[in-house]
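Scroll down for the structure; my scribbles are underneath it.
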Amino acid sequence: MTEIDIEKENKAIAQEYKELLRISYQTLTPEDKKLIRKAFDVSVEAHKEQRRKSGEAYIFHPIAVAKIVASEIGLGATSIAAALLHDVVEDTPTTVQDIERLFNPKVAQIVEGLTKISLVQRDLNVSMQAENFRKMILTLNDDVRVILIKLADRLHNMQTMDSMQEDKQTKIASETLYIYAPLAHRLGLYNIKTKLEDLGLKYTEPAIYNEIVSKIRETKEEQDAYIKDISDILKKSLDEEGIEYIIKGRPKSIYSIRRKMLAQNVSFDEVYDKFALRIVYKSTPHDEKFVAWKIYSIVTDHYRPSPSRLRDWISSPKSTGYEALHITVMGPKGRWVEVQVRSERMDEIAEKGYAAHYKYKNGATEESGLDVWLNLLKEALENSETNAVDFVEDFKMNLYSKEIFVFTPKGEIKSLPKGATSLDFAFSIHSEIGIRTRGTRVNGKLVPLNFELKSGDQIEVITSQHQKPTINWLDYVTTSRAKTKIKNVLNENTKKIGEEGKELLTRKLKHLKITMSEQVINELVNFFKLKTSLDLFYRVGIGAIENQQLKDYAAQKSNTFINFFKNKMKRSSSTTADEDIHKPIVSSNYDMLVFGKEHDKLDYKLSPCCNPIPGDDVFGFVTINEGIKVHKKDCPNAIGMQSNYAYRIMSAKWIDSSQEEFKAIINITGMDVLGLTNQLTKVISNNMHVNIQSIALSTDAGIFHGQVAVIVRNNTILKKMISNIKKIDGIDKVTREYKT
């Protein structure tokens with residue numbers, strides 16, 4: 001680099017630093033500014049030799065992360081300093097002790113938490129990424145700000161990912177959609193959640209992302225005009241009432257449009273509520289509720305509301321702290337529009353999560369606001385002994401879940417995730433009550449323990465001292481709190497029986513002249529096809545392993561050499577039988593798929609969960625027992641696999657799809673027009689290289705339904721046929737069915 005370039009870069013760095021101080025959401029004292037300046041200087045010095053993949057000086061990354069922490073998450077000086085220093089310990093000789101000496105224990109603790117997340121030892125049996133997430137989530141116990149800075153770090157990495165390899169982009173984007181976006185949602189950071197989701201889609205499904213972006217641009221003028229029409233009508237009435245407010249149109253995020261297209265099986269043009277109208281009003285705390293309902297009555301005076309789609313998050317705020325009134329009304333041209341009503345305080349909380357909460361609490365410090373937040377999330381962390389992938393799955397399930405509001409017998413309100421059961425409710429009151437639950441009454445009526453609750457239900461729990469959880473209870477609950485508690489109790493019982501079983505096994509082996517050792521335990525675990533030594537001891541304890549089976553093991557042990565060959569023969573015959581059951585649709589002779597950079601020709605199976613056919617975008621997933629399974633890139637399970645098991649993903653590509661035929665099922669709906677069936681069969685049979693395997697047609701009150709199973713050679717032929725069917729008069733929708 002020339003001296004001029006370096007000078008230019010240094011000016012840009014100084015400019016970024018000034019901007020950081022200017023955009024801070026918190027009011028910074030002179031001490032705060034000193035702390036931030038010192039962190040900035042240490043970071044600049046530590047990273048001076050480093051550059052990012054894009055070629056720019058590395059220091060721009062920590063500053064960008066600090067800017068997100070300061071303005072979008074709204075944290076104070078301690079967090080801004082920690083964000084500036086977040087990569088220093090990992091990437092340079094500086095230690096956590098140096099940070100503590102130079103700054104203070106709080107900054108050092110947060111930087112250490114962020115470094116802990118990055119330095120994860122790879123475990124061969126468990127997904128490294130799931131382990132990484134588990135470590136990250138567990139840092140909530142230390143300081144929630146670790147997670148917040150990690151979210152800011154992830155957002156900036158997603159914004160600057162263009163220069164990375166495609167497989168790395170997919171992996172990072174999948175992780176983002178799988179855990180980081182739900183986490184931001186759960187923490188009330190809706191802006192960050194939306195950005196993470198949109199960027200996640202950009203790298204996991206680039207073609208769809210670009211298509212939606214271009215269509216949003218095309219329809220922008222029309223949508224702006226539509227929003228203006230509604231705003232002009234509402235403004236007149238709001239002004240007459242003397243309400244101070246601003247109205248802004250908010251387009252639906254790209255990711256949520258995509259989600260709606262998938263969920264409802266519709267095209268972009270058929271997604272009607274592609275935008276919302278937000279009314280943010282000024283009010284004193286005392287009048288907040290009153291003004292919100294006043295605005296509601298003005299909106300519904302002009303536009304007819306949908307009663308089933310009124311959401312009152314003001315009377316019962318979400319557990320993320322979100323407060324607002326959502327009204328869905330029938331706007332001009334017969335289109336549904338969502339109107340969100342929020343006070344300025346509610347709007348800030350929706351944008352900044354709990355950073356805004358403590359701003360509105362008199363005399364509250366940054367920590368006390370975060371304590372409230374922390375308590376909401378600690379439930380998921382009560383048991384960290386489970387398998388990392390299960391832990392992350394459980395945690396994730398409780399991140400995005402919608403809420404219901406139910407009542408205790410005394411009329412207290414409780415918030416639970418949608419889909420929660422009466423047994424979940426018992427555990428939400430107290431784990432001891434959950435464990436002793438004998439029965440539940442909902443609205444005065446005795447119901448099963450797996451009864452799914454609805455908002456407004458009143459639940460009474462009947463307990464008994466003699467009641468104990470059973471393994472079936474795990475199927476009766478959905479919340480991770482209840483699952484964790486039940487597993488703990490079941491594990492305690494298992495451990496107790498396991499200890500007795502271990503003693504019993506030692507005695508039985510002694511009788512067979514075998515001394516108990518680690519090697520013997522491992523051999524027994526393999527011999528009985530179990531997973532852990534505890535499984536073995538437990539089975540001995542409950543009498544599931546009989547003396548004769550142990551004698552068989554002893555005999556096998558004394559004749560290991562012969563048995564080695566026997567097992568080998570057994571194994572090869574059983575795998576052949578197994579292969580017959582799971583025989584892939586494609587014979588391996590055709591070499592239609594190639595894997596990895598070298599275009600290797602490997603054995604594979606087409607996964608039944610998404611039923612890929614030649615021409616579909618696919619990837620290979622290396623399973624433990626069934627070799628390579630091939631999935632479509634938009635398979636419902638793809639994000640989870642790419643995120644949790646990135647190291648088992650293989651790139652895959654079709655190279656020759658002309659030699660084999662595949663089955664595809666097409667669903668058709670339309671109006672029952674005379675001669676439609678005749679037209680339909682004619683169009684399908686006129687398509688070259690398409691054979692009809694089966695056809696089922698029915699009509700109901702003037703609506704036509706058809707399901708056609710066809711045999712095709714590849715995706716291009718199928719798409720052409722679908723396009724021709726859509727042209728038939730009376731046909732409304734044609735979709736390809738995937739097995740779920």
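By order of appearance in the structure tokens: chains A, B, ..., then residues from 1 within every chain, and ligands from 1 in the order shown.
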
Just want the 10 Å neighbourhood of A:Arg258, counted on only C-alpha atoms, with same-chain residues fewer than 6 positions away dropped. Output as a PyMOL selection string. chain A and resi 198+201+208-209+212+266-268+271

List the neighbours of stretch 278-292 of chain A out to 12 Å using only C-alpha atoms; skip same-chain residues closer than 3 positions along the sequence, and give me the result as a compact mmCIF listing (two decimals) with N, CA and C atoms, in the first residue's frame.
```txt
# COMPACT_ATOMS: atom_id res chain seq x y z
N ILE A 227 -50.10 2.79 0.47
CA ILE A 227 -49.91 3.19 1.87
C ILE A 227 -50.30 4.66 2.06
N ILE A 230 -54.11 5.13 2.42
CA ILE A 230 -54.62 4.79 3.75
C ILE A 230 -54.19 5.85 4.76
N SER A 231 -52.90 6.24 4.70
CA SER A 231 -52.37 7.23 5.66
C SER A 231 -53.14 8.54 5.59
N LEU A 234 -56.44 8.24 7.42
CA LEU A 234 -56.30 8.13 8.88
C LEU A 234 -55.80 9.44 9.49
N LYS A 235 -54.90 10.14 8.80
CA LYS A 235 -54.31 11.37 9.34
C LYS A 235 -55.37 12.38 9.72
N LEU A 238 -57.01 11.35 12.97
CA LEU A 238 -56.07 11.39 14.10
C LEU A 238 -55.78 12.84 14.50
N ASP A 239 -55.65 13.72 13.49
CA ASP A 239 -55.40 15.15 13.76
C ASP A 239 -56.56 15.77 14.51
N GLU A 241 -58.47 14.40 16.58
CA GLU A 241 -58.47 13.96 17.99
C GLU A 241 -57.30 14.54 18.78
N GLY A 242 -56.43 15.28 18.09
CA GLY A 242 -55.29 15.93 18.77
C GLY A 242 -54.20 14.95 19.21
N ILE A 243 -54.09 13.82 18.50
CA ILE A 243 -53.06 12.83 18.86
C ILE A 243 -51.76 13.20 18.13
N GLU A 244 -50.65 13.16 18.88
CA GLU A 244 -49.33 13.38 18.25
C GLU A 244 -48.80 12.04 17.79
N TYR A 245 -48.45 11.90 16.52
CA TYR A 245 -48.10 10.58 15.99
C TYR A 245 -47.24 10.72 14.73
N ILE A 246 -46.65 9.59 14.32
CA ILE A 246 -46.11 9.51 12.95
C ILE A 246 -46.61 8.19 12.36
N ILE A 247 -46.84 8.20 11.03
CA ILE A 247 -47.26 6.97 10.35
C ILE A 247 -46.17 6.57 9.38
N LYS A 248 -45.76 5.30 9.46
CA LYS A 248 -44.77 4.85 8.46
C LYS A 248 -45.18 3.50 7.89
N GLY A 249 -44.91 3.33 6.61
CA GLY A 249 -45.17 2.04 5.96
C GLY A 249 -43.97 1.15 6.18
N ARG A 250 -44.21 -0.12 6.47
CA ARG A 250 -43.09 -1.03 6.72
C ARG A 250 -43.26 -2.26 5.83
N PRO A 251 -42.39 -2.44 4.81
CA PRO A 251 -42.56 -3.62 3.96
C PRO A 251 -42.24 -4.90 4.74
N LYS A 252 -42.91 -5.97 4.40
CA LYS A 252 -42.64 -7.27 5.03
C LYS A 252 -41.23 -7.69 4.63
N PHE A 275 -46.92 -5.70 3.33
CA PHE A 275 -46.45 -4.52 4.09
C PHE A 275 -47.41 -4.25 5.24
N ILE A 295 -56.89 5.08 18.98
CA ILE A 295 -56.41 4.93 17.61
C ILE A 295 -57.08 3.72 16.95
N TYR A 296 -57.26 2.65 17.75
CA TYR A 296 -57.93 1.44 17.23
C TYR A 296 -59.33 1.80 16.71
N SER A 297 -60.05 2.59 17.50
CA SER A 297 -61.43 2.92 17.09
C SER A 297 -61.44 3.80 15.84
N ILE A 298 -60.41 4.69 15.70
CA ILE A 298 -60.33 5.53 14.48
C ILE A 298 -60.05 4.65 13.25
N VAL A 299 -59.09 3.72 13.39
CA VAL A 299 -58.73 2.84 12.26
C VAL A 299 -59.95 2.02 11.84
N ASP A 312 -53.64 -8.17 20.87
CA ASP A 312 -53.47 -7.15 21.91
C ASP A 312 -52.26 -7.50 22.78
N TRP A 313 -51.09 -6.98 22.35
CA TRP A 313 -49.87 -7.21 23.14
C TRP A 313 -49.65 -6.08 24.14
N ILE A 314 -50.67 -5.21 24.32
CA ILE A 314 -50.53 -4.13 25.31
C ILE A 314 -51.03 -4.64 26.66
N SER A 315 -52.21 -5.28 26.66
CA SER A 315 -52.74 -5.84 27.91
C SER A 315 -51.88 -6.99 28.40
N SER A 316 -51.40 -7.82 27.46
CA SER A 316 -50.54 -8.97 27.82
C SER A 316 -49.28 -8.92 26.95
N GLU A 323 -44.59 -4.88 23.19
CA GLU A 323 -45.94 -4.36 23.43
C GLU A 323 -46.42 -3.65 22.16
N ALA A 324 -47.65 -3.92 21.75
CA ALA A 324 -48.24 -3.23 20.59
C ALA A 324 -49.65 -3.76 20.39
N LEU A 325 -50.38 -3.04 19.57
CA LEU A 325 -51.72 -3.47 19.17
C LEU A 325 -51.62 -3.74 17.67
N HIS A 326 -51.96 -4.96 17.22
CA HIS A 326 -51.92 -5.28 15.79
C HIS A 326 -53.35 -5.47 15.30
N ILE A 327 -53.75 -4.68 14.32
CA ILE A 327 -55.11 -4.78 13.78
C ILE A 327 -54.97 -5.11 12.29
N THR A 328 -55.65 -6.15 11.82
CA THR A 328 -55.65 -6.45 10.39
C THR A 328 -56.97 -5.96 9.81
N VAL A 337 -54.55 -5.38 5.24
CA VAL A 337 -53.37 -4.61 5.66
C VAL A 337 -53.27 -4.70 7.18
N GLU A 338 -52.04 -4.92 7.67
CA GLU A 338 -51.84 -4.95 9.12
C GLU A 338 -51.47 -3.54 9.59
N VAL A 339 -52.17 -3.07 10.63
CA VAL A 339 -51.84 -1.76 11.22
C VAL A 339 -51.30 -2.02 12.62
N GLN A 340 -50.06 -1.57 12.87
CA GLN A 340 -49.44 -1.75 14.19
C GLN A 340 -49.50 -0.42 14.95
N VAL A 341 -50.03 -0.48 16.16
CA VAL A 341 -50.18 0.74 16.98
C VAL A 341 -49.24 0.62 18.18
N ARG A 342 -48.30 1.58 18.31
CA ARG A 342 -47.34 1.55 19.42
C ARG A 342 -47.08 2.96 19.93
N SER A 343 -46.83 3.07 21.23
CA SER A 343 -46.37 4.37 21.76
C SER A 343 -44.87 4.47 21.45
N GLU A 344 -44.29 5.66 21.66
CA GLU A 344 -42.85 5.83 21.40
C GLU A 344 -42.03 4.87 22.27
N ARG A 345 -42.48 4.70 23.53
CA ARG A 345 -41.77 3.79 24.44
C ARG A 345 -41.83 2.35 23.90
N MET A 346 -43.02 1.92 23.49
CA MET A 346 -43.19 0.55 22.96
C MET A 346 -42.34 0.36 21.70
N ASP A 347 -42.28 1.40 20.88
CA ASP A 347 -41.53 1.32 19.63
C ASP A 347 -40.04 1.12 19.92
N GLU A 348 -39.54 1.85 20.93
CA GLU A 348 -38.13 1.71 21.29
C GLU A 348 -37.84 0.31 21.81
N ALA A 350 -39.44 -2.40 21.04
CA ALA A 350 -39.49 -3.32 19.90
C ALA A 350 -38.19 -3.26 19.09
N TYR A 360 -36.37 3.24 30.63
CA TYR A 360 -37.64 3.76 31.14
C TYR A 360 -37.88 3.43 32.61
N LYS A 361 -36.91 2.74 33.24
CA LYS A 361 -37.05 2.45 34.67
C LYS A 361 -36.24 3.48 35.43
```

Which of stretch 387-550 of chain A DSSP labels strand (DSSP E), written as number ranges by chain: A: 403-407, 413-417, 437-442, 445-447, 459-463

Name the residues in contact with stretch 623-635 of chain A at a cut-off of 6 Å, using only C-alpha atoms, excluding same-chain residues fewer than 3 positions from it; report them as a VMD selection string. chain A and resid 604 to 607 610 612 617 to 620 638

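Comparing A:Pro608, A:Gly670, A:Gly596, A:Pro636 by their smallest distance to A:Asp167, the closest is A:Gly596 (using only C-alpha atoms).
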